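Below you'll find the structure, written out as structure tokens, and then a few comments.
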Amino acid sequence: MRGLNYAAAVMFVCLASGAQAQTAGGAADAFRNDVHAAAGLTCAACHRSGSPGTYEAPPRTAIAPLCATCHGDAAYMRKFDPQVRVDQYLQYQTSAHGRRMATGDDRTATCTDCHRAHGVTRVADARSPVAPLNVTATCSRCHGDAARMAASGHDASPPADWAASVHAAALLKRGDTSAPTCIGCHGSHGATPPGVTAVANICAQCHQREAELFRASPKKDIFEAIGQAECLVCHSNHRIESPADAWIGVQEGAVCSQCHDASSDSGKAILGIREALDRLSTAVSDADARLNRAERSGMPVDEGWLMLQESRQHQVQSRALIHGFAVAPLAKTATEGRTAARRAHDVGDAAMEELQVRRRGLAVATLLVLAFLVTLWTKIRRLPSITENPPA
Amino acid sequence: MTRMPLRSWLEERLPVADVIATLRHKRVPHHRYSAWYYFGGVTLFLFGVQVGTGALLLLYYRPAATEAYESVQFIVTRVPFGWLVRSIHAWSANLMVASAFAHLFSVLFLHAYRRPRELTWMSGVVLLFLTLAFGFTGYLLPWNDVSFFATRVGTDIAATLPLIGNGIVRFLRGGNDVSGATLTRLFGFHVAILPSIATALVGLHLFLVQRHGMSVPPSVERRAAGDPAAVRSMPFLPHFLLRDLFAWTAVLAVLAALSTAYPTELGTKADPFAPAPAGIRPEWYFLWAFEVLKHVPASVGGVNGEFVAVVAIGAGAAGALMLPFVAGHTVRARRVVVWAGLAALVFMCVMTGLALTSAVP
């Protein structure tokens with residue numbers, strides 16, 4: 001039976017155009033590894049037969065509804081996966097892609113553009129074009145194409161911006177597949193840009209602590225009133241870079257300086273926050289250098305490293321507290337961090353002092369040994385001379 | 001009851017004076033090569049240091065995979081002078097291996113293995129093998145990542161032997177892979193089985209040295225044949241013993257300096273599920289064999305290359321053990337022994353040098 005399916009597939013004539021164009025042989029080959037083939041579906045499940053041995057490609061506007069005949073049917077899909085979602089088509093209809101497709105403009109993405117027409121694999125399969133490591137490349141096939149985006153009045157820079165972001169580094173360099181890609185913020189089937197008021201909710205999916213602090217801060221109402229997109233004001237959207245303490249301040253280049261200057265009360269508060277962060281950073285760096293020096297000298301300072309780790313945790317918490325826009329809680333946490341760093345530094349100091357004690361001890365012991373050797377040598381020289389008797 | 005001086009009381013029960021008189025009577029040959037004799041005494045001294053520091057470490061060390069690393073960490077950070085004891089134990093092990101090799105090669109080049117000292121030589125060679133076994137079994141005990149993976153590589157070598165190889169590996173590891181069972185097993189070898197055998201063999205070796213006396217090299221013997229006055233000798237007590245004591249004290253000073261200036265690192269705790277870290281290599285005295293195994297081709301004449309290398313090294317060890325019986329007694333045969341010994345020494349040094357330079361990450 002499976003053999004007949006493949007024979008039929010080989011006879012397939014794809015009538016589609018553009019990126020979806022595929023030869024009959026190519027489609028048949030791709031379909032061999034298709035999740036639908038594994039489920040026992042054949043070409044006829046999606047294609048009408050024009051004449052014996054040939055199949056027609058469905059029009060692009062009909063693809064999503066066609067997929068939804070199965071993928072929107074919970075009773076049917078449950079046979080293959082009891083937990084599978086069946087709302088993709090509903091989501092798609094709300095997306096920018098779906099809304100445009102509904103107008104009859106088929107120059108927008110549909111199911112097969114992201115999942116392939118043939119050779120569809122599960123998202124968890126690393127070969128899938130929508131697997132975490134591949135999905136940005138899939139989106140950028142259109143959204144990174146300047147000509148295509150210009151035609152619809154969009155900017156083609158987001159994929160490149162994302163590639164330079166801290167999120168891309170987490171995914172591509174550290175292999176953290178939980179790091180957000182395009183679909184992490186825009187959604188997949190319901191892909192659409194989040195509105196100004198929704199951005200903070202999107203970021204809060206992962207950055208919960210920062211979101212809590214921001215929502216409780218006076219900035220929340222101010223940003224809403226002036227129509228600012230909360231997180232994006234300081235962090236940007238696609239090109240989200242690793243934040244630095246230098247961002248805090250009223251000097252040129254600091255993100256706070258977009259709205260604040262040094263003469264205002266808020267400017268003084270910002271300087272207070274920056275000072276607390278800088279003092280903590282200095283304490284952490286000093287302790288780190290001290291412990292490294294002690295360790296390079298052969299002294300075990302594991303306890304110090306634990307304390308420094310605690311200090312670094314306070315540093316992370318302090319940086320998160322920036323989102324509360326209040327000096328006192330941040331200063332308190334930073335002070336706790338400095339105390340831990342000081343204790344770590346003390347461990348390094350104690351190790352270096354111990355090293356000096358050891359060296360002095362060695363010097364004294366060496367002198368004693370040398371004195372003993374001299375005494376011994378003197379004694380040997382004073383022994384009666386060696387006789388000339390051969391051994392027995 | 002008459003009062004008896006303590007010395008007389010002791011002498012009546014423990015006749016030390018007889019022993020001292022014997023040692024005063026005993027004479028040791030003194031010639032241009034006699035400095036090499038002291039390596040035997042230095043090796044014995046370092047063995048004593050090993051026993052002493054090992055016993056102290058045993059007070060705190062716990063031989064289990066979950067506790068070994070932490071117990072060594074406790075020793076070097078919390079126990080007063082624990083760092084020094086551990087460092088001396090590690091450094092004296094290295095110096096003992098070096099001293100034992102120096103002793104073996106000096107005995108070889110001075111032809112001291114000749115009749116009637118065949119058993120002295122053989123017991124000495126076995127003691128050297130035991131010293132290496134001490135090093136191998138002790139390497140894993142801190143349970144850090146380098147020692148863990150080096151032990152895995154080291155025990156794997158035995159698997160190249162046909163029929164018995166896998167059995168030996170399982171015996172050494174106490175299972176299919178290096179684990180807590182391996183640690184416990186090697187600990188048992190390190191602190192019980194090997195010391196028992198080594199102590200017995202050291203006793204036999206010393207007895208044979210006392211029984212047969214120090215050997216005189218053939219060249220000195222030839223001179224003595226023409227002129228008996230050409231070979232001098234000294235009393236064992238106090239002349240030789242004081243010189244021995246001088247050498248031991250000097251070694252102790254070196255040991256203290258090395259242990260203080262370069263304390264042995266503990267590294268990071270072994271994680272059996274982590275990938276092997278870069279730069280895995282055995283202790284320096286196994287490096288030459290490690291390098292040989294690296295360079296040997298996969299197949300030598302259709303036979304597994306590693307197996308050929310292991311057999312060749314084993315044959316070399318067997319040849320060293322049986323040297324007194326395979327070496328001839330002629331001058332020419334002695335020259336062959338010297339050249340063979342030199343070739344082996346140079347080969348080992350070159351291979352060790354290659355391993356040290358190539359292992360730099």
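Identifiers for the structure tokens are assigned positionally: chains receive A, B, ... in sequence, residues are indexed from 1 per chain, and ligands are indexed from 1 in the order shown.
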Taking the DSSP assignment computed from this structure's backbone, write out as a PDB file with C-alpha atoms, in the first residue's frame all residues of region 7-67 of chain B that belong to strand (DSSP E or B).
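Generated output (out_28.pdb):
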```pdb
ATOM      1  CA  ARG B  27      82.038  -2.131  55.726  1.00  0.00           C
ATOM      2  CA  VAL B  28      80.860  -0.433  52.571  1.00  0.00           C
ATOM      3  CA  PRO B  29      83.089  -0.117  49.497  1.00  0.00           C
ATOM      4  CA  HIS B  30      84.130   3.425  48.694  1.00  0.00           C
TER       5      HIS B  30
END
```
Inset, instruction - Would you mind listing what lies within 6 Å of region 84-93 of chain A as a list in words, with only C-alpha atoms counted and same-chain residues fewer than 5 positions away left out? - result: Ala68, His71, Gly72, Ala74, Gly98, Arg99, His189 and Gly190 of chain A
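Picture a line from CA of Pro116 (chain B) to CA of Lys26 (chain B); it runs 18.4 Å.
Distances to chain B were evaluated for A:Thr339, A:Ser297, A:Ser311, A:Asn201 using only C-alpha atoms, and the minimum falls at A:Ser297.
The shortest atom-to-atom distance to chain A, with only C-alpha atoms taken into account, belongs to B:Phe74 out of B:Phe74, B:Trp288, B:Phe273, B:Tyr113.
CA of Leu242 (chain B) is positioned 14.4 Å from CA of Ser34 (chain B).
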Please identify all residues of chain A having at least one atom at most 10 Å from any atom of chain B, considering only C-alpha atoms, and return them as a PDB file with C-alpha atoms, in the first residue's frame.
```pdb
ATOM      1  CA  GLU A 295      44.296  30.490  43.693  1.00  0.00           C
ATOM      2  CA  SER A 297      49.476  30.960  44.245  1.00  0.00           C
ATOM      3  CA  GLY A 298      48.180  27.478  45.018  1.00  0.00           C
ATOM      4  CA  MET A 299      45.883  28.436  47.874  1.00  0.00           C
ATOM      5  CA  PRO A 300      42.418  26.835  48.011  1.00  0.00           C
ATOM      6  CA  VAL A 301      39.753  29.571  48.281  1.00  0.00           C
ATOM      7  CA  ASP A 302      36.556  27.654  47.480  1.00  0.00           C
ATOM      8  CA  GLU A 303      34.722  29.322  50.355  1.00  0.00           C
ATOM      9  CA  ALA A 351      44.777  32.889  51.968  1.00  0.00           C
ATOM     10  CA  LEU A 355      50.794  31.859  52.045  1.00  0.00           C
ATOM     11  CA  ARG A 358      53.951  29.172  54.886  1.00  0.00           C
ATOM     12  CA  ARG A 359      56.808  30.918  53.124  1.00  0.00           C
ATOM     13  CA  GLY A 361      57.829  28.721  57.869  1.00  0.00           C
ATOM     14  CA  LEU A 362      59.637  27.256  54.901  1.00  0.00           C
ATOM     15  CA  ALA A 363      62.442  29.779  55.262  1.00  0.00           C
ATOM     16  CA  ALA A 365      62.688  25.196  58.284  1.00  0.00           C
ATOM     17  CA  THR A 366      65.205  25.510  55.448  1.00  0.00           C
ATOM     18  CA  LEU A 367      67.605  27.397  57.699  1.00  0.00           C
ATOM     19  CA  LEU A 368      67.265  24.723  60.376  1.00  0.00           C
ATOM     20  CA  VAL A 369      67.804  21.968  57.831  1.00  0.00           C
ATOM     21  CA  LEU A 370      70.826  23.757  56.401  1.00  0.00           C
ATOM     22  CA  PHE A 372      71.692  20.459  60.501  1.00  0.00           C
ATOM     23  CA  LEU A 373      73.342  19.600  57.168  1.00  0.00           C
ATOM     24  CA  VAL A 374      76.366  21.758  58.001  1.00  0.00           C
ATOM     25  CA  THR A 375      76.634  20.097  61.419  1.00  0.00           C
ATOM     26  CA  LEU A 376      76.304  16.697  59.822  1.00  0.00           C
ATOM     27  CA  TRP A 377      78.920  17.484  57.204  1.00  0.00           C
ATOM     28  CA  LYS A 379      80.755  15.568  61.832  1.00  0.00           C
ATOM     29  CA  ILE A 380      81.421  13.479  58.709  1.00  0.00           C
ATOM     30  CA  ARG A 381      84.623  15.391  57.993  1.00  0.00           C
ATOM     31  CA  LEU A 383      85.263  11.025  61.350  1.00  0.00           C
ATOM     32  CA  PRO A 384      88.405   8.855  61.199  1.00  0.00           C
ATOM     33  CA  SER A 385      89.629   8.627  57.634  1.00  0.00           C
ATOM     34  CA  ILE A 386      88.408   5.846  55.403  1.00  0.00           C
ATOM     35  CA  THR A 387      90.717   2.858  55.475  1.00  0.00           C
ATOM     36  CA  GLU A 388      92.082   1.266  52.405  1.00  0.00           C
ATOM     37  CA  ASN A 389      90.811  -2.188  53.238  1.00  0.00           C
ATOM     38  CA  PRO A 390      88.893  -3.798  50.424  1.00  0.00           C
ATOM     39  CA  PRO A 391      85.474  -5.169  51.334  1.00  0.00           C
ATOM     40  CA  ALA A 392      85.396  -8.680  52.688  1.00  0.00           C
TER      41      ALA A 392
END
```
Can you list, as an mmCIF file with N, CA and C atoms, in the first residue's frame, every protein, DNA or RNA residue that comes within 10 Å of Ala191 (chain A) when you count only C-alpha atoms, leaving out same-chain residues fewer than 4 positions away?
```
data_model
loop_
_atom_site.group_PDB
_atom_site.id
_atom_site.type_symbol
_atom_site.label_atom_id
_atom_site.label_comp_id
_atom_site.auth_asym_id
_atom_site.auth_seq_id
_atom_site.Cartn_x
_atom_site.Cartn_y
_atom_site.Cartn_z
ATOM 1 N N GLN A 91 -6.013 30.958 14.867
ATOM 2 C CA GLN A 91 -4.913 31.901 15.131
ATOM 3 C C GLN A 91 -4.491 32.574 13.827
ATOM 4 N N TYR A 92 -4.357 31.780 12.801
ATOM 5 C CA TYR A 92 -3.892 32.300 11.508
ATOM 6 C C TYR A 92 -4.822 33.386 10.990
ATOM 7 N N GLN A 93 -6.103 33.171 11.197
ATOM 8 C CA GLN A 93 -7.075 34.151 10.703
ATOM 9 C C GLN A 93 -6.921 35.513 11.385
ATOM 10 N N THR A 94 -6.357 35.483 12.626
ATOM 11 C CA THR A 94 -6.160 36.764 13.327
ATOM 12 C C THR A 94 -4.802 37.376 13.009
ATOM 13 N N SER A 95 -3.947 36.643 12.337
ATOM 14 C CA SER A 95 -2.583 37.122 12.096
ATOM 15 C C SER A 95 -2.552 38.110 10.935
ATOM 16 N N ALA A 96 -1.420 38.844 10.855
ATOM 17 C CA ALA A 96 -1.245 39.774 9.731
ATOM 18 C C ALA A 96 -1.256 38.988 8.421
ATOM 19 N N HIS A 97 -0.648 37.806 8.448
ATOM 20 C CA HIS A 97 -0.624 36.966 7.234
ATOM 21 C C HIS A 97 -2.037 36.552 6.841
ATOM 22 N N GLY A 98 -2.769 36.041 7.836
ATOM 23 C CA GLY A 98 -4.110 35.501 7.576
ATOM 24 C C GLY A 98 -5.076 36.586 7.110
ATOM 25 N N CYS A 182 11.686 34.912 16.594
ATOM 26 C CA CYS A 182 10.583 35.744 16.086
ATOM 27 C C CYS A 182 9.252 35.349 16.730
ATOM 28 N N ILE A 183 9.011 34.017 16.771
ATOM 29 C CA ILE A 183 7.692 33.570 17.220
ATOM 30 C C ILE A 183 7.519 33.725 18.727
ATOM 31 N N GLY A 184 8.630 33.870 19.451
ATOM 32 C CA GLY A 184 8.546 34.031 20.899
ATOM 33 C C GLY A 184 7.802 35.306 21.274
ATOM 34 N N CYS A 185 7.936 36.360 20.461
ATOM 35 C CA CYS A 185 7.294 37.637 20.766
ATOM 36 C C CYS A 185 6.100 37.927 19.852
ATOM 37 N N HIS A 186 6.155 37.395 18.619
ATOM 38 C CA HIS A 186 5.102 37.724 17.653
ATOM 39 C C HIS A 186 4.040 36.632 17.546
ATOM 40 N N GLY A 187 4.324 35.484 18.116
ATOM 41 C CA GLY A 187 3.424 34.352 17.931
ATOM 42 C C GLY A 187 3.768 33.643 16.633
#
```
